[in-house]
Amino acid sequence: MSETSPQTTPYGTLPPASPLAPRKPVSLPRLHDMRARGEKITMLTAYDATFAAVADAAGVDCLLVGDSLGMVCQGLSSTVGVTLDTMRYHTESVVRGLQRVQGTTWVIADLPFGSYHESRELALRSASVLMQAGAHMVKLEGGGWTTETVRFLVERGIPVCAHLGLTPQTVHALGGYRVQGRGDAASERLRTEALALQDAGAAMLVLEMVPATLSAQLTNELTRCATIGIGAGKGTAGQVLVMHDMLGINLGKNPKFVRNFMIGQDSVRAAMAAFVAAVKDGSFPDDALHAW
Ligand code: KIV
């Protein structure tokens with residue numbers, strides 16, 4: 001019996017395989033197909049093996065090893081202090097958890113602040129660390145200057161998810177966590193950046209705290225890039241939430257765009273399955289409650 005076999009440890013036992021019906025692995029072609037068919041893509045953040053395995057069992061399509069772990073796991077006040085080494089550690093943990101349950105979920109890992117800004121070559125070295133840790137795709141924030149970096153990575157076989165709107169790594173430049181893309185000039189700039197990122201090969205685009213009408217319009221225009229919204233309304237191709245927020249593991253007030261899916265559920269897995277069901281059937285998010 002291997003040292004990491006679930007039988008050898010009394011802590012955080014994982015089942016040998018997903019208790020749900022086995023799924024086909026989520027792949028890039030499958031995500032494109034879901035987007036083309038209008039099936040909503042579900043994504044949660046994950047930072048460790050157990051929660052990753054439970055999310056997989058709940059049927060979540062994608063797990064984001066987000067640099068939000070800076071706040072959620074490390075107690076930092078922003079994502080700026082998260083290092084590449086920390087991202088590697090959490091990516092490895094998530095991937096190990098999925099391997100132990102023969103998980104099928106698509107894993108995206110955040111390139112942290114400072115790991116891709118200096119040059120395309122540095123971005124490639126940093127992305128390689130996360131891909132070798134087991135990620136299927138890397139995510140980086142911003143538009144304009146990032147476009148050539150995205151193209152450089154994609155040409156070298158690294159799938160890329162872009163991130164526009166509220167980009168937490170630049171919170172100090174943005175002046176706080178506020179809605180982005182409001183007004184004609186800002187929405188046109190965001191649109192131009194999004195189209196350029198698609199042309200550069202970004203297969204996914206997180207839109208964070210962007211007005212619902214703008215993100216729905218972008219979703220229609222970006223036929224080769226799946227938009228994933230967080231506080232961006234129901235019109236995106238998919239939805240992502242920070243896992244701890246949607247489980248209500250929070251002493252403060254949740255942001256407006258979060259629903260606590262633990263309410264009415266008796267397990268974390270049931271809460272995650274409720275998130276999957278609500279996103280797939282279009283009942284989450286509710287633009288009247290969760291969007292701008
Ligand atoms: O780091 C993160 O968790 C994210 C999501 C909020 C999209 O980037």
# chains A, B, ... in the order shown; residues from 1 in each chain; ligands from 1
>>> residues_near_ligand(ligand="ligand 1", cutoff="7 Å", atoms="only C-alpha atoms and all ligand atoms", output="number ranges by chain")
A: 45, 64-69, 110, 206, 208, 230, 240-242
>>> closest_atom_pairs(of="stretch 120-236 of chain A", to="stretch 81-87 of chain A", cutoff="9 Å", atoms="only C-alpha atoms", output="tab-separated table")
residue	atom	partner	partner_atom	distance
A:Ser126	CA	A:Leu84	CA	7.1
A:Val129	CA	A:Leu84	CA	8.1
A:Leu130	CA	A:Met87	CA	7.4
>>> write_last_selection(atoms="all heavy atoms", output="compact mmCIF listing (two decimals), in the first residue's frame")
# COMPACT_ATOMS: atom_id res chain seq x y z
N SER A 126 7.78 31.08 -15.16
CA SER A 126 6.84 30.99 -14.03
C SER A 126 5.69 30.05 -14.38
O SER A 126 5.27 29.21 -13.55
CB SER A 126 6.27 32.38 -13.71
OG SER A 126 7.31 33.27 -13.41
N VAL A 129 6.62 26.43 -14.05
CA VAL A 129 6.61 25.94 -12.66
C VAL A 129 5.20 25.44 -12.30
O VAL A 129 5.02 24.36 -11.73
CB VAL A 129 7.06 27.06 -11.68
CG1 VAL A 129 6.77 26.69 -10.24
CG2 VAL A 129 8.54 27.37 -11.88
N LEU A 130 4.19 26.22 -12.67
CA LEU A 130 2.81 25.85 -12.31
C LEU A 130 2.31 24.68 -13.15
O LEU A 130 1.58 23.82 -12.66
CB LEU A 130 1.89 27.07 -12.44
CG LEU A 130 2.26 28.26 -11.54
CD1 LEU A 130 1.27 29.40 -11.74
CD2 LEU A 130 2.31 27.85 -10.08
>>> closest_residue(among="A:Ala127, A:Asp184, A:Glu148, A:Met243", to="A:Arg269", atoms="only C-alpha atoms")
A:Met243
>>> closest_residue(among="A:Arg125, A:Ala55, A:Val160, A:Leu140", to="A:Leu28", atoms="only C-alpha atoms")
A:Val160
>>> select_by_dssp(residues="stretch 82-220 of chain A", states="strand (DSSP E or B)", output="list of chain:residue names")
A:Trp106, A:Val107, A:Ile108, A:Ala109, A:Asp110, A:Met137, A:Val138, A:Lys139, A:Leu140, A:Glu141, A:Val160, A:Cys161, A:Ala162, A:His163, A:Leu164, A:Gly165, A:Met204, A:Leu205, A:Val206, A:Leu207, A:Glu208
>>> write_last_selection(atoms="all heavy atoms", output="short mmCIF file (atom, residue, chain, number, x, y, z; two decimals), in the first residue's frame")
data_model
loop_
_atom_site.label_atom_id
_atom_site.label_comp_id
_atom_site.auth_asym_id
_atom_site.auth_seq_id
_atom_site.Cartn_x
_atom_site.Cartn_y
_atom_site.Cartn_z
N TRP A 106 -10.74 20.41 -14.52
CA TRP A 106 -9.73 21.23 -15.20
C TRP A 106 -9.11 22.17 -14.16
O TRP A 106 -9.84 22.86 -13.44
CB TRP A 106 -10.42 22.01 -16.31
CG TRP A 106 -9.57 22.92 -17.13
CD1 TRP A 106 -9.51 24.28 -17.06
CD2 TRP A 106 -8.69 22.55 -18.20
NE1 TRP A 106 -8.65 24.78 -18.01
CE2 TRP A 106 -8.13 23.73 -18.72
CE3 TRP A 106 -8.31 21.32 -18.77
CZ2 TRP A 106 -7.22 23.74 -19.78
CZ3 TRP A 106 -7.40 21.33 -19.82
CH2 TRP A 106 -6.87 22.52 -20.32
N VAL A 107 -7.78 22.20 -14.08
CA VAL A 107 -7.11 22.98 -13.02
C VAL A 107 -6.39 24.19 -13.62
O VAL A 107 -5.54 24.05 -14.50
CB VAL A 107 -6.10 22.10 -12.24
CG1 VAL A 107 -5.38 22.93 -11.18
CG2 VAL A 107 -6.81 20.92 -11.59
N ILE A 108 -6.73 25.34 -13.09
CA ILE A 108 -6.12 26.61 -13.52
C ILE A 108 -5.33 27.16 -12.33
O ILE A 108 -5.85 27.15 -11.21
CB ILE A 108 -7.23 27.61 -13.92
CG1 ILE A 108 -8.09 27.02 -15.02
CG2 ILE A 108 -6.64 28.95 -14.36
CD1 ILE A 108 -9.52 27.51 -14.99
N ALA A 109 -4.12 27.63 -12.57
CA ALA A 109 -3.34 28.20 -11.46
C ALA A 109 -2.99 29.65 -11.79
O ALA A 109 -2.62 29.98 -12.92
CB ALA A 109 -2.07 27.39 -11.23
N ASP A 110 -3.10 30.49 -10.79
CA ASP A 110 -2.80 31.92 -10.96
C ASP A 110 -1.29 32.17 -11.00
O ASP A 110 -0.56 31.70 -10.12
CB ASP A 110 -3.36 32.72 -9.77
CG ASP A 110 -4.68 33.39 -10.08
OD1 ASP A 110 -4.97 33.64 -11.27
OD2 ASP A 110 -5.42 33.67 -9.12
N MET A 137 -3.69 24.96 -16.99
CA MET A 137 -3.83 26.29 -17.58
C MET A 137 -3.32 27.30 -16.55
O MET A 137 -3.44 27.04 -15.35
CB MET A 137 -5.33 26.52 -17.85
CG MET A 137 -5.74 27.85 -18.40
SD MET A 137 -7.54 27.89 -18.65
CE MET A 137 -7.64 28.22 -20.39
N VAL A 138 -2.77 28.41 -17.01
CA VAL A 138 -2.39 29.47 -16.07
C VAL A 138 -3.27 30.68 -16.30
O VAL A 138 -3.80 30.88 -17.40
CB VAL A 138 -0.90 29.86 -16.18
CG1 VAL A 138 0.00 28.69 -15.80
CG2 VAL A 138 -0.56 30.41 -17.56
N LYS A 139 -3.43 31.48 -15.26
CA LYS A 139 -4.22 32.70 -15.38
C LYS A 139 -3.33 33.90 -15.05
O LYS A 139 -2.52 33.83 -14.14
CB LYS A 139 -5.43 32.67 -14.43
CG LYS A 139 -6.26 33.95 -14.46
CD LYS A 139 -7.63 33.77 -13.84
CE LYS A 139 -7.69 33.90 -12.35
NZ LYS A 139 -7.21 35.19 -11.79
N LEU A 140 -3.49 34.95 -15.82
CA LEU A 140 -2.77 36.20 -15.50
C LEU A 140 -3.71 37.38 -15.67
O LEU A 140 -4.71 37.31 -16.39
CB LEU A 140 -1.51 36.34 -16.35
CG LEU A 140 -1.60 36.22 -17.88
CD1 LEU A 140 -2.12 37.48 -18.50
CD2 LEU A 140 -0.21 35.90 -18.43
N GLU A 141 -3.40 38.43 -14.96
CA GLU A 141 -4.30 39.59 -14.89
C GLU A 141 -3.88 40.72 -15.82
O GLU A 141 -2.69 40.97 -16.01
CB GLU A 141 -4.33 40.13 -13.45
CG GLU A 141 -4.93 39.17 -12.45
CD GLU A 141 -5.04 39.76 -11.06
OE1 GLU A 141 -4.77 40.97 -10.87
OE2 GLU A 141 -5.41 39.00 -10.14
N VAL A 160 -4.00 29.56 -21.62
CA VAL A 160 -4.03 30.77 -20.78
C VAL A 160 -5.46 31.25 -20.57
O VAL A 160 -6.27 31.31 -21.50
CB VAL A 160 -3.19 31.92 -21.41
CG1 VAL A 160 -3.29 33.18 -20.57
CG2 VAL A 160 -1.72 31.51 -21.54
N CYS A 161 -5.73 31.60 -19.31
CA CYS A 161 -6.96 32.30 -18.93
C CYS A 161 -6.55 33.73 -18.60
O CYS A 161 -5.64 33.94 -17.80
CB CYS A 161 -7.57 31.61 -17.70
SG CYS A 161 -9.01 32.44 -17.02
N ALA A 162 -7.20 34.70 -19.22
CA ALA A 162 -6.93 36.11 -18.91
C ALA A 162 -7.90 36.57 -17.82
O ALA A 162 -8.80 35.82 -17.42
CB ALA A 162 -7.06 36.94 -20.17
N HIS A 163 -7.72 37.78 -17.34
CA HIS A 163 -8.54 38.29 -16.22
C HIS A 163 -8.62 39.81 -16.36
O HIS A 163 -7.60 40.49 -16.27
CB HIS A 163 -7.86 37.87 -14.90
CG HIS A 163 -8.62 38.22 -13.66
ND1 HIS A 163 -8.46 37.51 -12.47
CD2 HIS A 163 -9.52 39.17 -13.38
CE1 HIS A 163 -9.22 38.04 -11.53
NE2 HIS A 163 -9.87 39.06 -12.06
N LEU A 164 -9.82 40.31 -16.61
CA LEU A 164 -10.03 41.76 -16.77
C LEU A 164 -11.11 42.24 -15.80
O LEU A 164 -11.81 41.44 -15.17
CB LEU A 164 -10.47 42.07 -18.21
CG LEU A 164 -9.44 41.87 -19.32
CD1 LEU A 164 -10.09 42.17 -20.68
CD2 LEU A 164 -8.20 42.75 -19.13
N GLY A 165 -11.27 43.54 -15.75
CA GLY A 165 -12.23 44.13 -14.81
C GLY A 165 -11.47 44.47 -13.53
O GLY A 165 -10.38 45.05 -13.58
N MET A 204 -9.84 31.39 -22.09
CA MET A 204 -10.82 31.80 -21.08
C MET A 204 -10.50 33.22 -20.63
O MET A 204 -9.35 33.65 -20.72
CB MET A 204 -10.72 30.91 -19.83
CG MET A 204 -11.48 29.64 -19.90
SD MET A 204 -11.46 28.92 -18.24
CE MET A 204 -12.29 27.42 -18.60
N LEU A 205 -11.53 33.87 -20.13
CA LEU A 205 -11.36 35.24 -19.63
C LEU A 205 -12.23 35.43 -18.41
O LEU A 205 -13.46 35.37 -18.50
CB LEU A 205 -11.77 36.24 -20.73
CG LEU A 205 -11.89 37.70 -20.31
CD1 LEU A 205 -10.55 38.26 -19.85
CD2 LEU A 205 -12.43 38.55 -21.48
N VAL A 206 -11.60 35.62 -17.26
CA VAL A 206 -12.37 35.97 -16.06
C VAL A 206 -12.72 37.45 -16.13
O VAL A 206 -11.86 38.29 -16.40
CB VAL A 206 -11.56 35.66 -14.77
CG1 VAL A 206 -12.21 36.30 -13.55
CG2 VAL A 206 -11.43 34.16 -14.56
N LEU A 207 -14.00 37.74 -15.94
CA LEU A 207 -14.48 39.13 -15.87
C LEU A 207 -14.95 39.36 -14.44
O LEU A 207 -15.91 38.75 -13.99
CB LEU A 207 -15.64 39.35 -16.84
CG LEU A 207 -15.28 39.32 -18.33
CD1 LEU A 207 -16.54 39.35 -19.18
CD2 LEU A 207 -14.35 40.49 -18.69
N GLU A 208 -14.23 40.21 -13.72
CA GLU A 208 -14.54 40.41 -12.30
C GLU A 208 -15.09 41.81 -12.06
O GLU A 208 -14.48 42.82 -12.47
CB GLU A 208 -13.27 40.19 -11.45
CG GLU A 208 -13.52 40.35 -9.96
CD GLU A 208 -12.42 39.77 -9.08
OE1 GLU A 208 -11.45 39.20 -9.62
OE2 GLU A 208 -12.54 39.89 -7.85
#
